Amino acid sequence: METFYLIIVIFIFFIAVFDLSVGVSNDAVNFLNSAIGSKAASFKMIMAIAAVGIFVGASMSNGMMDIARHGIYQPQYFYLNEIMCISLAVMLTDVVLLDVFNTMGLPTSTTVSMVFELLGGTFALAIIKTINSNGLLQMGDLINTDKALQVIVAIFVSVAIAFFFGVIVQYIARLIFKFNYRRQLKYFGALFGGFAATTIIYFILFKGLKESTLMTADTRQWIHENTTMLLGCCFVATTVLMQILTWCRVNVLKVVVLLGTFALALAFAGNDLVNFIGVPLAGFSAYTDYVANGGGAAPDQYLMTTLLDSAKTPPVFLIGSGIIMVIALFTSKKAQNVIKTSVDLSRQETGEENFGTSPIARKLVRMTTNTSSYIINSIPPKARAWLNSRFDKDEVILEHGAAFDLVRASVNLVLASLLIALGTSLKLPLSTTYVTFMVAMGTSLADRAWGRDSAVYRITGVISVVGGWFITAGAAFLICFIVTMIVYYGGTIAIILLSALAAYMLIHSQITYNKKLKQEKKSSLAQQLVANKDKEEALVLLRQFSREEYTKVLEWSADLYNRVTTGFLHESYRTLRKAMGDIETERSYFKQVKRLGTIGVSHLSDQVGLEKGLYYFQGNDFSYDIIHAIKRMCEPCLEHTDNNFNPLDKSQKENFGAIAPEIVGFLEKSRELVEENNSSQYSTLYNRGNQLINQLGVLKREEIRNMREQVSYIKVGIVYLTVIQESQNVVAYTINLLKMNQKFQEENQ
C-alpha cells in the first residue's frame with residue numbers, strides 16, 4: 001500500500017512540473033507588463049531581470065506553504081487516503097484550468113484557483129465524512145471557510161482600490177511630468193526615482209522576503225521596529241543615487257521600471273509558489289509522516305495531524321521550482337499571449353483590438369461620456385486649456401514599438417508594489433494579479449488612452465478578464481468537487497482515466513494553440529501596420545496586408561457559397577445553419593480588418609495616400625459586399641428549409657446545380673490570382689465573370705416565366721430568384737474587388 005501512495009506522490013509532483021509552467025505563463029503578466037509595454041530595455045534584458053527575481057524568490061520561499069497544509073481543511077480530521085485524494089484532484093484540476101485561461105490569453109488568479117480547488121475537494125469529502133459520522137462531525141469542523149471568504153472579499157476590494165488609485169495617481173503624475181517629460185525629469189526625476197525605489201524596496205522587504213528562509217524571526221522583528229528609519233535612510237540614499245544617474249544622463253525611469261520588474265517577479269515566486277507546489281508538498285509530507293509513524297495502520301485509519309505543523313520545505317524543491325519557472329518564462333508562448341492581452345488593453349495609441357463590444361461596455365461609455373462632458377464644461381476655460389496642455393499626446397516620448405511611456409510604466413510598478421505591500425502589512429490577502437492588472441487599467445484610463453473609438457473595446461476586455469476571475473473560482477470549486485468524488489469512489493481506475501484525460505486535454509490544447517499561432521501571421525503584420533511610422537514602408541505593408549486579407553475573403557466566400565448552395569439544393573438545414581453562423585463570424589472579423597486598414601492608410605504619404613487609399617477603401621467595401629451577398633442568400637434558404645416548404649423542382653436543381661460549381665471555381669481562381677499578385681490574367685477572369693452573370697440572368701428570366709405558369713410554387717420560386725440574384729452580386733462584387741486590387745497593387749500609379 002505504501003508503494004501505491006508513493007506512486008501517487010510522484011505523479012502529483014510530475015503534474016506540479018506542468019503546473020509550474022502554466023502558472024508562470026499566467027502570472028508572467030504581473031511583472032512583465034510594464035517593462036515590455038514601455039520598452040524600458042531590450043526584451044532579453046527584461047526577461048533576464050525577471051528570471052533572476054523569480055529564481056531568488058522561489059529559492060527563499062517557504063512560509064506561505066502552510067495555506068496548502070491547513071489553510072482550507074482541518075487535517076486532524078482527515079486520513080491519509082483522503083488527503084491524497086484531495087491533493088490529486090486539486091493538481092489535475094489546476095493544471096487544466098490554468099492552461100485553458102492561458103490559451104484564451106486571459107490572466108487569472110492562481111491563488112483563487114488553488115484556494116477554491118482545495119475548498120471544492122474538501123467540501124466533497126466533508127459531505128461524505130459528515131454523513132458517515134452519524135452526527136459526530138459537522139462541516140465547520142472540517143472546512144476553514146474564513147480563508148475562502150477572505151479571498152472572495154479581497155477580489156472586490158483589490159479590484160476597486162487598485163483601479164481607483166491607478167486613475168488618481170497616474171493623473172497627478174501626468175500633470176507633473178506631461179507626455180514630454182524631459183524637462184520635468186531634470187527637476188523632479190531624482191525625487192521621484194528615490195520615492196519609487198524606496199517603495200519598491202519596502203515592497204521587497206515586506207512582501208517579497210517576509211516569509212523567506214533567510215528572514216529569521218529576529219530579523220523580521222528588527223525590520224518591523226525600525227521600519228521608519230530604514231525607509232528614511234533608503235529614501236535619502238536612493239534619491240542621491242538617482243540624481244547622480246541623472247547627471248550621468250541615465251533615464252531614471254528605466255531604472256525604476258527594471259527595479260520594479262525584479263521586485264514583482266521576486267514577490268510572485270516567493271509568495272505564489274505555494275499555488276503550484278504547496279499541495280504536492282503537503283501530500284509528500286503526509287506520505288513521509290505515514291511511512292515514519294504509521295506503525296502498520298491502514299491509510300484510511302491514519303489521521304494527518306502532522307499537517308498542522310508549519311512547513312519545512314527542503315531547499316532542493318525550492319531551487320528546482322525556481323529553475324523550472326525560469327525555463328518556462330523563456331520558453332512559454334502562452335505567457336507572451338497573456339502579456340499581449342494586458343499590454344493591448346492599456347496601449348496608448350489606437351490599434352488592433354482583441355475584444356469586441358458588449359451592451360454593458362456601450363452603456364458605461366455612454367454614461368461616462370455624458371458625465372465627463374458635464375464636468376469638462378464646468379471647468380473654467382483657462383484651467384481647461386492648461387489641463388489639456390499637460391495631456392498633449394503629440395509630444396509623447398515613446399520608445400520604438402512601445403505601447404505606453406516610461407512614466408506610466410513606473411507608476412504601474414510603484415503603485416502596485418505599494419498597494420500589495422500595504423495590504424500585506426494589514427494582513428489583507430490581496431492578489432498580485434488583481435492589483436497589477438487593475439492598476440494598469442486605471443493608469444491607462446487616466447492617460448486618456450481609452451478614446452471614444454477604443455473605450456468600448458477596452459472596457460469589454462476588462463469586463464472579460466475580471467469576469468474570468470470569478471469564473472475561475474466557480475469552475476475550480478465545481479470541477480475539483482466532481483474530480484474528488486470520482487477519485488474517491490473510482491479508485492485506481494478513476495485515477496488512471498482522469499490522468500489520461502488531463503494529459504489529452506493538455507496535449508490537444510498545445511496542438512490547437514500551435515495551429516492558432518501559425519494562422520496568426522495576420523496579427524504580426526497588422527501590428528507592424530499599426531505601429532509603422534515610415535510612410536514609404538507603409539504602402540509596402542498595406543499592399544501585403546490587403547493581399548492576405550483579400551485572399552482570405554475570397555477563400556471564405558468560395559467555401560461559404562458552396563456550402564449555402566449545396567445545403568439549399570439538398571435541403572440540409574444543418575449545413576445552412578452552420579454556414580449562417582460562420583458568415584456572421586467572418587463579417588465580424590472583416591469589420592476589424594477594415595479598421596486596421598484605415599489606420600494603415602492614414603500612414604501613407606501625401607503623394608500616394610489619396611489615390612491608393614481610395615482604391616483600398618473601395619476594395620474593402622466590395623469584400624464586405626461579397627460576404628453580405630452570401631448572407632442575404634443564406635437567410636431565405638435557411639428559413640425555407642427550416643419550414644419544410646416545397647423543394648426545388650428537377651429543372652431548377654439541374655440548371656442551378658450546373659452553374660453553382662462554376663461560380664465556386666471563379667471565386668477560387670480569383671483567390672489564386674490575388675495571392676500570386678498575378679494581374680496578367682485578370683482580363684480573362686473578368687470575361688468569365690461577365691459570362692456567369694449573363695448565364696444567371698437567363699436563369700432568372702426563365703424562372704419568372706415559369707412562376708407565371710405555376711403559382712402554387714411561388715414560395716420556392718421567390719427563394720430561387722433570390723439565390724440567383726445574390727449569385728450575380730457575388731460575381732459582380734468579385735470582379736470589382738479584383739479591379740480595385742489591381743489598381744492598388746500597381747507600382748506605376
# chains A, B, ... in the order shown; residues from 1 in each chain; ligands from 1

call {"tool": "residues_around", "arguments": {"residues": "Val167 of chain A", "least_positions_apart": "2", "cutoff": "12 Å", "atoms": "only C-alpha atoms", "output": "MDAnalysis selection string"}}
result
chainID A and resid 160:165 169:174 408 411:412 415 438:449

call {"tool": "write_last_selection", "arguments": {"atoms": "C-alpha atoms", "output": "PDB file, in the first residue's frame"}}
result
ATOM      1  CA  ALA A 160     -11.865  48.608  -6.855  1.00  0.00           C
ATOM      2  CA  ILE A 161      -8.961  50.044  -4.859  1.00  0.00           C
ATOM      3  CA  ALA A 162      -6.307  49.266  -7.479  1.00  0.00           C
ATOM      4  CA  PHE A 163      -8.338  50.773 -10.311  1.00  0.00           C
ATOM      5  CA  PHE A 164      -9.285  53.899  -8.321  1.00  0.00           C
ATOM      6  CA  PHE A 165      -5.760  54.687  -7.177  1.00  0.00           C
ATOM      7  CA  VAL A 169      -2.039  58.635  -9.113  1.00  0.00           C
ATOM      8  CA  GLN A 170      -1.464  58.487 -12.878  1.00  0.00           C
ATOM      9  CA  TYR A 171      -3.493  61.669 -13.395  1.00  0.00           C
ATOM     10  CA  ILE A 172      -1.342  63.505 -10.842  1.00  0.00           C
ATOM     11  CA  ALA A 173       1.852  62.042 -12.304  1.00  0.00           C
ATOM     12  CA  ARG A 174       0.851  63.187 -15.786  1.00  0.00           C
ATOM     13  CA  ARG A 408       3.054  55.261 -16.796  1.00  0.00           C
ATOM     14  CA  VAL A 411       3.504  54.390 -11.841  1.00  0.00           C
ATOM     15  CA  ASN A 412       2.183  50.917 -12.634  1.00  0.00           C
ATOM     16  CA  LEU A 415       1.698  51.791  -7.164  1.00  0.00           C
ATOM     17  CA  MET A 438      -6.329  46.837 -12.427  1.00  0.00           C
ATOM     18  CA  VAL A 439      -3.614  49.415 -11.707  1.00  0.00           C
ATOM     19  CA  ALA A 440      -2.565  49.133 -15.357  1.00  0.00           C
ATOM     20  CA  MET A 441      -6.169  49.626 -16.479  1.00  0.00           C
ATOM     21  CA  GLY A 442      -6.620  52.627 -14.176  1.00  0.00           C
ATOM     22  CA  THR A 443      -3.439  54.347 -15.338  1.00  0.00           C
ATOM     23  CA  SER A 444      -4.343  53.813 -18.999  1.00  0.00           C
ATOM     24  CA  LEU A 445      -7.748  55.403 -18.400  1.00  0.00           C
ATOM     25  CA  ALA A 446      -6.200  58.399 -16.632  1.00  0.00           C
ATOM     26  CA  ASP A 447      -3.733  58.775 -19.511  1.00  0.00           C
ATOM     27  CA  ARG A 448      -6.649  59.175 -21.945  1.00  0.00           C
ATOM     28  CA  ALA A 449      -5.591  56.002 -23.724  1.00  0.00           C
TER      29      ALA A 449
END

call {"tool": "residues_around", "arguments": {"residues": "Met47 of chain A", "least_positions_apart": "6", "cutoff": "10 Å", "atoms": "only C-alpha atoms", "output": "number ranges by chain"}}
result
A: 32, 35-36, 41, 53, 261-262, 326, 329-330

call {"tool": "residues_around", "arguments": {"residues": "segment 277-280 of chain A", "least_positions_apart": "5", "cutoff": "10 Å", "atoms": "only C-alpha atoms", "output": "ChimeraX atom specification"}}
result
/A:8-17,19-20,62,64-69,83-84,86-88,90-91,114,118,272,285-286,311,313,317-318,321

call {"tool": "residues_around", "arguments": {"residues": "segment 690-702 of chain A", "least_positions_apart": "3", "cutoff": "12 Å", "atoms": "only C-alpha atoms", "output": "NGL selection string"}}
result
:A and (651-667 or 683-687 or 705-709 or 717-736)

call {"tool": "write_last_selection", "arguments": {"atoms": "C-alpha atoms", "output": "PDB file, in the first residue's frame"}}
result
ATOM      1  CA  SER A 651     -35.233  21.511 -63.690  1.00  0.00           C
ATOM      2  CA  GLN A 652     -34.313  24.160 -61.122  1.00  0.00           C
ATOM      3  CA  LYS A 653     -31.862  21.797 -59.439  1.00  0.00           C
ATOM      4  CA  GLU A 654     -30.319  20.810 -62.757  1.00  0.00           C
ATOM      5  CA  ASN A 655     -29.981  24.374 -64.040  1.00  0.00           C
ATOM      6  CA  PHE A 656     -28.585  25.948 -60.889  1.00  0.00           C
ATOM      7  CA  GLY A 657     -26.676  22.815 -59.868  1.00  0.00           C
ATOM      8  CA  ALA A 658     -24.679  23.147 -63.080  1.00  0.00           C
ATOM      9  CA  ILE A 659     -23.682  26.791 -62.671  1.00  0.00           C
ATOM     10  CA  ALA A 660     -23.050  26.890 -58.879  1.00  0.00           C
ATOM     11  CA  PRO A 661     -19.767  24.903 -59.074  1.00  0.00           C
ATOM     12  CA  GLU A 662     -18.600  27.243 -61.838  1.00  0.00           C
ATOM     13  CA  ILE A 663     -19.138  30.232 -59.550  1.00  0.00           C
ATOM     14  CA  VAL A 664     -17.177  28.457 -56.810  1.00  0.00           C
ATOM     15  CA  GLY A 665     -14.399  27.834 -59.330  1.00  0.00           C
ATOM     16  CA  PHE A 666     -14.477  31.513 -60.337  1.00  0.00           C
ATOM     17  CA  LEU A 667     -14.016  32.561 -56.689  1.00  0.00           C
ATOM     18  CA  SER A 683      -8.864  40.298 -68.062  1.00  0.00           C
ATOM     19  CA  THR A 684      -9.603  36.627 -68.811  1.00  0.00           C
ATOM     20  CA  LEU A 685     -11.211  36.278 -65.414  1.00  0.00           C
ATOM     21  CA  TYR A 686     -13.304  39.434 -65.949  1.00  0.00           C
ATOM     22  CA  ASN A 687     -14.702  37.936 -69.160  1.00  0.00           C
ATOM     23  CA  ARG A 705     -41.676  32.906 -66.870  1.00  0.00           C
ATOM     24  CA  ASN A 706     -42.246  29.614 -65.006  1.00  0.00           C
ATOM     25  CA  MET A 707     -43.657  31.375 -61.932  1.00  0.00           C
ATOM     26  CA  ARG A 708     -46.403  32.922 -64.055  1.00  0.00           C
ATOM     27  CA  GLU A 709     -47.479  29.437 -65.072  1.00  0.00           C
ATOM     28  CA  GLY A 717     -39.632  30.429 -56.714  1.00  0.00           C
ATOM     29  CA  ILE A 718     -39.002  33.588 -54.681  1.00  0.00           C
ATOM     30  CA  VAL A 719     -36.131  31.936 -52.789  1.00  0.00           C
ATOM     31  CA  TYR A 720     -34.705  30.568 -56.039  1.00  0.00           C
ATOM     32  CA  LEU A 721     -34.772  34.035 -57.614  1.00  0.00           C
ATOM     33  CA  THR A 722     -33.053  35.476 -54.536  1.00  0.00           C
ATOM     34  CA  VAL A 723     -30.302  32.873 -54.811  1.00  0.00           C
ATOM     35  CA  ILE A 724     -29.781  33.704 -58.483  1.00  0.00           C
ATOM     36  CA  GLN A 725     -29.764  37.463 -57.849  1.00  0.00           C
ATOM     37  CA  GLU A 726     -27.275  37.257 -54.970  1.00  0.00           C
ATOM     38  CA  SER A 727     -25.108  34.889 -57.022  1.00  0.00           C
ATOM     39  CA  GLN A 728     -24.920  37.593 -59.689  1.00  0.00           C
ATOM     40  CA  ASN A 729     -23.973  40.092 -56.972  1.00  0.00           C
ATOM     41  CA  VAL A 730     -21.235  37.806 -55.650  1.00  0.00           C
ATOM     42  CA  VAL A 731     -19.658  37.536 -59.104  1.00  0.00           C
ATOM     43  CA  ALA A 732     -20.040  41.273 -59.817  1.00  0.00           C
ATOM     44  CA  TYR A 733     -18.552  42.300 -56.451  1.00  0.00           C
ATOM     45  CA  THR A 734     -15.657  39.896 -57.002  1.00  0.00           C
ATOM     46  CA  ILE A 735     -14.892  41.464 -60.388  1.00  0.00           C
ATOM     47  CA  ASN A 736     -14.907  44.931 -58.814  1.00  0.00           C
TER      48      ASN A 736
END

call {"tool": "closest_residue", "arguments": {"among": "A:Ala269, A:Asn144, A:Ile72, A:Tyr434", "to": "Ile323 of chain A", "atoms": "only C-alpha atoms"}}
result
A:Ala269

call {"tool": "residues_around", "arguments": {"residues": "Arg547 of chain A", "least_positions_apart": "5", "cutoff": "12 Å", "atoms": "only C-alpha atoms", "output": "JSON, numbers by chain"}}
result
{"A": [522, 525, 540, 541, 542, 552, 553, 554, 597, 616, 619, 620, 623, 670, 671, 672, 673, 674, 675, 676, 677, 678, 737, 738, 740, 741, 742, 744, 745]}

call {"tool": "write_last_selection", "arguments": {"atoms": "C-alpha atoms", "output": "PDB file, in the first residue's frame"}}
result
ATOM      1  CA  LYS A 522      -2.069  38.438 -39.874  1.00  0.00           C
ATOM      2  CA  LEU A 525       1.546  42.035 -39.960  1.00  0.00           C
ATOM      3  CA  VAL A 540       4.524  48.056 -48.861  1.00  0.00           C
ATOM      4  CA  LEU A 541       2.981  46.758 -45.634  1.00  0.00           C
ATOM      5  CA  LEU A 542      -0.523  47.779 -46.670  1.00  0.00           C
ATOM      6  CA  LYS A 552      -8.858  35.077 -47.117  1.00  0.00           C
ATOM      7  CA  VAL A 553     -12.111  36.775 -48.084  1.00  0.00           C
ATOM      8  CA  LEU A 554     -12.217  35.019 -51.445  1.00  0.00           C
ATOM      9  CA  GLY A 597      -6.645  49.041 -42.934  1.00  0.00           C
ATOM     10  CA  TYR A 616      -8.065  50.290 -50.927  1.00  0.00           C
ATOM     11  CA  GLY A 619     -11.720  47.100 -52.372  1.00  0.00           C
ATOM     12  CA  ASN A 620     -12.664  46.690 -48.708  1.00  0.00           C
ATOM     13  CA  SER A 623     -15.024  42.417 -49.998  1.00  0.00           C
ATOM     14  CA  SER A 670      -9.790  34.864 -58.133  1.00  0.00           C
ATOM     15  CA  ARG A 671      -8.195  33.899 -54.840  1.00  0.00           C
ATOM     16  CA  GLU A 672      -5.226  32.338 -56.622  1.00  0.00           C
ATOM     17  CA  LEU A 673      -4.575  35.414 -58.744  1.00  0.00           C
ATOM     18  CA  VAL A 674      -4.776  37.768 -55.744  1.00  0.00           C
ATOM     19  CA  GLU A 675      -2.495  35.549 -53.690  1.00  0.00           C
ATOM     20  CA  GLU A 676       0.058  35.313 -56.507  1.00  0.00           C
ATOM     21  CA  ASN A 677      -0.389  39.023 -57.309  1.00  0.00           C
ATOM     22  CA  ASN A 678      -0.780  37.994 -60.948  1.00  0.00           C
ATOM     23  CA  LEU A 737     -12.689  43.722 -55.961  1.00  0.00           C
ATOM     24  CA  LEU A 738     -10.156  42.382 -58.463  1.00  0.00           C
ATOM     25  CA  MET A 740      -9.573  47.731 -57.174  1.00  0.00           C
ATOM     26  CA  ASN A 741      -6.846  45.355 -56.014  1.00  0.00           C
ATOM     27  CA  GLN A 742      -5.148  45.547 -59.423  1.00  0.00           C
ATOM     28  CA  PHE A 744      -3.908  49.347 -55.658  1.00  0.00           C
ATOM     29  CA  GLN A 745      -1.056  46.911 -56.312  1.00  0.00           C
TER      30      GLN A 745
END

call {"tool": "select_by_dssp", "arguments": {"residues": "segment 42-252 of chain A", "states": "alpha helix (DSSP H)", "output": "NGL selection string"}}
result
:A and (43-59 or 66 or 80-104 or 110-132 or 139-142 or 145-177 or 182-203 or 217-225 or 227-247 or 252)

call {"tool": "residues_around", "arguments": {"residues": "Trp469 of chain A", "least_positions_apart": "4", "cutoff": "10 Å", "atoms": "only C-alpha atoms", "output": "list in words"}}
result
Phe101, Leu106, Pro107, Thr108, Ser109, Thr110, Val112, Ser113, Ile155, Thr433, Tyr434, Ile463, Ser464, Val465, Ala473, Gly474 and Ala475 of chain A

call {"tool": "write_last_selection", "arguments": {"atoms": "N, CA and C atoms", "output": "compact mmCIF listing (two decimals), in the first residue's frame"}}
result
# COMPACT_ATOMS: atom_id res chain seq x y z
N PHE A 101 -7.16 29.06 -19.48
CA PHE A 101 -7.11 30.52 -19.43
C PHE A 101 -5.91 31.06 -20.19
N LEU A 106 -6.13 35.08 -21.23
CA LEU A 106 -6.71 35.83 -20.12
C LEU A 106 -5.94 35.55 -18.84
N PRO A 107 -5.44 36.62 -18.17
CA PRO A 107 -4.78 36.41 -16.88
C PRO A 107 -5.80 36.09 -15.81
N THR A 108 -5.53 35.10 -14.96
CA THR A 108 -6.42 34.78 -13.86
C THR A 108 -5.58 34.60 -12.60
N SER A 109 -6.23 34.40 -11.47
CA SER A 109 -5.53 34.33 -10.19
C SER A 109 -5.23 32.88 -9.83
N THR A 110 -3.94 32.57 -9.71
CA THR A 110 -3.57 31.22 -9.28
C THR A 110 -3.91 31.00 -7.82
N VAL A 112 -6.65 32.21 -6.26
CA VAL A 112 -8.06 31.88 -6.22
C VAL A 112 -8.29 30.45 -6.70
N SER A 113 -7.62 30.06 -7.78
CA SER A 113 -7.81 28.71 -8.30
C SER A 113 -7.42 27.66 -7.27
N ILE A 155 -11.14 40.01 -3.61
CA ILE A 155 -11.38 40.23 -5.04
C ILE A 155 -12.06 41.57 -5.27
N THR A 433 -2.17 39.39 -9.12
CA THR A 433 -2.78 39.51 -10.44
C THR A 433 -3.82 40.62 -10.46
N TYR A 434 -4.70 40.63 -9.48
CA TYR A 434 -5.77 41.64 -9.45
C TYR A 434 -5.20 43.05 -9.40
N ILE A 463 -13.88 43.79 -18.59
CA ILE A 463 -15.01 43.00 -18.06
C ILE A 463 -14.77 41.51 -18.29
N SER A 464 -14.23 41.17 -19.46
CA SER A 464 -13.95 39.77 -19.77
C SER A 464 -12.91 39.19 -18.83
N VAL A 465 -11.85 39.97 -18.57
CA VAL A 465 -10.79 39.48 -17.69
C VAL A 465 -11.29 39.36 -16.26
N ALA A 473 -13.07 30.95 -9.87
CA ALA A 473 -13.48 30.47 -8.54
C ALA A 473 -14.56 29.41 -8.66
N GLY A 474 -15.60 29.70 -9.42
CA GLY A 474 -16.70 28.75 -9.55
C GLY A 474 -16.28 27.47 -10.24
N ALA A 475 -15.52 27.61 -11.34
CA ALA A 475 -15.08 26.43 -12.08
C ALA A 475 -14.13 25.57 -11.26

call {"tool": "residues_around", "arguments": {"residues": "Ala126 of chain A", "least_positions_apart": "6", "cutoff": "12 Å", "atoms": "only C-alpha atoms", "output": "CSV table (one decimal) with N, CA and C atoms, in the first residue's frame"}}
result
chain,number,residue,atom,x,y,z
A,72,ILE,N,-7.2,25.5,4.4
A,72,ILE,CA,-8.6,25.3,3.9
A,72,ILE,C,-9.2,24.2,4.7
A,73,TYR,N,-8.6,23.0,4.8
A,73,TYR,CA,-9.2,21.9,5.5
A,73,TYR,C,-8.5,21.8,6.9
A,74,GLN,N,-9.2,21.1,7.8
A,74,GLN,CA,-8.6,20.8,9.1
A,74,GLN,C,-8.0,19.4,9.1
A,75,PRO,N,-6.7,19.3,8.9
A,75,PRO,CA,-6.1,18.0,8.6
A,75,PRO,C,-6.2,16.9,9.7
A,77,TYR,N,-8.7,15.9,11.1
A,77,TYR,CA,-10.0,15.1,10.9
A,77,TYR,C,-9.9,14.3,9.6
A,78,PHE,N,-8.8,14.3,8.8
A,78,PHE,CA,-8.7,13.6,7.6
A,78,PHE,C,-7.6,12.6,7.6
A,79,TYR,N,-7.9,11.4,6.9
A,79,TYR,CA,-7.0,10.3,6.9
A,79,TYR,C,-6.1,10.5,5.7
A,82,GLU,N,-7.6,10.3,2.2
A,82,GLU,CA,-8.5,11.4,1.9
A,82,GLU,C,-7.6,12.6,1.5
A,83,ILE,N,-6.5,12.8,2.2
A,83,ILE,CA,-5.6,13.9,1.8
A,83,ILE,C,-5.0,13.7,0.4
A,86,ILE,N,-7.7,14.5,-2.2
A,86,ILE,CA,-7.8,15.9,-2.4
A,86,ILE,C,-6.7,16.5,-3.2
A,118,LEU,N,-9.0,23.6,-3.5
A,118,LEU,CA,-8.9,22.9,-2.2
A,118,LEU,C,-10.3,22.9,-1.5
A,119,LEU,N,-11.0,24.1,-1.6
A,119,LEU,CA,-12.3,24.2,-1.0
A,119,LEU,C,-13.3,23.2,-1.6
A,120,GLY,N,-13.3,23.0,-2.9
A,120,GLY,CA,-14.2,22.1,-3.6
A,120,GLY,C,-13.9,20.7,-3.2
A,132,ASN,N,-21.2,9.9,7.1
A,132,ASN,CA,-20.7,8.6,7.7
A,132,ASN,C,-20.5,8.7,9.2
A,133,SER,N,-20.3,10.0,9.7
A,133,SER,CA,-20.0,10.1,11.2
A,133,SER,C,-21.2,10.0,12.1
A,137,LEU,N,-19.4,14.7,13.4
A,137,LEU,CA,-18.6,15.7,12.7
A,137,LEU,C,-19.6,16.7,12.0
A,138,GLN,N,-19.2,18.0,12.0
A,138,GLN,CA,-20.0,19.0,11.3
A,138,GLN,C,-19.1,19.6,10.2
A,139,MET,N,-19.8,20.2,9.2
A,139,MET,CA,-19.0,20.9,8.1
A,139,MET,C,-18.0,21.9,8.7
A,140,GLY,N,-18.4,22.6,9.7
A,140,GLY,CA,-17.5,23.6,10.3
A,140,GLY,C,-16.3,23.0,10.9
A,141,ASP,N,-16.3,21.7,11.3
A,141,ASP,CA,-15.1,21.1,11.9
A,141,ASP,C,-14.1,20.7,10.8
A,142,LEU,N,-14.6,20.5,9.6
A,142,LEU,CA,-13.7,20.0,8.5
A,142,LEU,C,-13.2,21.1,7.6
A,143,ILE,N,-13.9,22.2,7.4
A,143,ILE,CA,-13.5,23.2,6.4
A,143,ILE,C,-13.2,24.6,7.1
A,144,ASN,N,-12.1,25.2,6.7
A,144,ASN,CA,-11.8,26.5,7.1
A,144,ASN,C,-12.4,27.5,6.2
A,481,PHE,N,-14.6,19.5,-7.1
A,481,PHE,CA,-15.6,18.7,-6.3
A,481,PHE,C,-15.9,17.4,-7.0
A,484,THR,N,-12.8,15.0,-7.2
A,484,THR,CA,-12.6,14.4,-5.9
A,484,THR,C,-13.5,13.2,-5.7
A,485,MET,N,-14.8,13.4,-6.0
A,485,MET,CA,-15.8,12.4,-5.8
A,485,MET,C,-15.4,11.2,-6.7
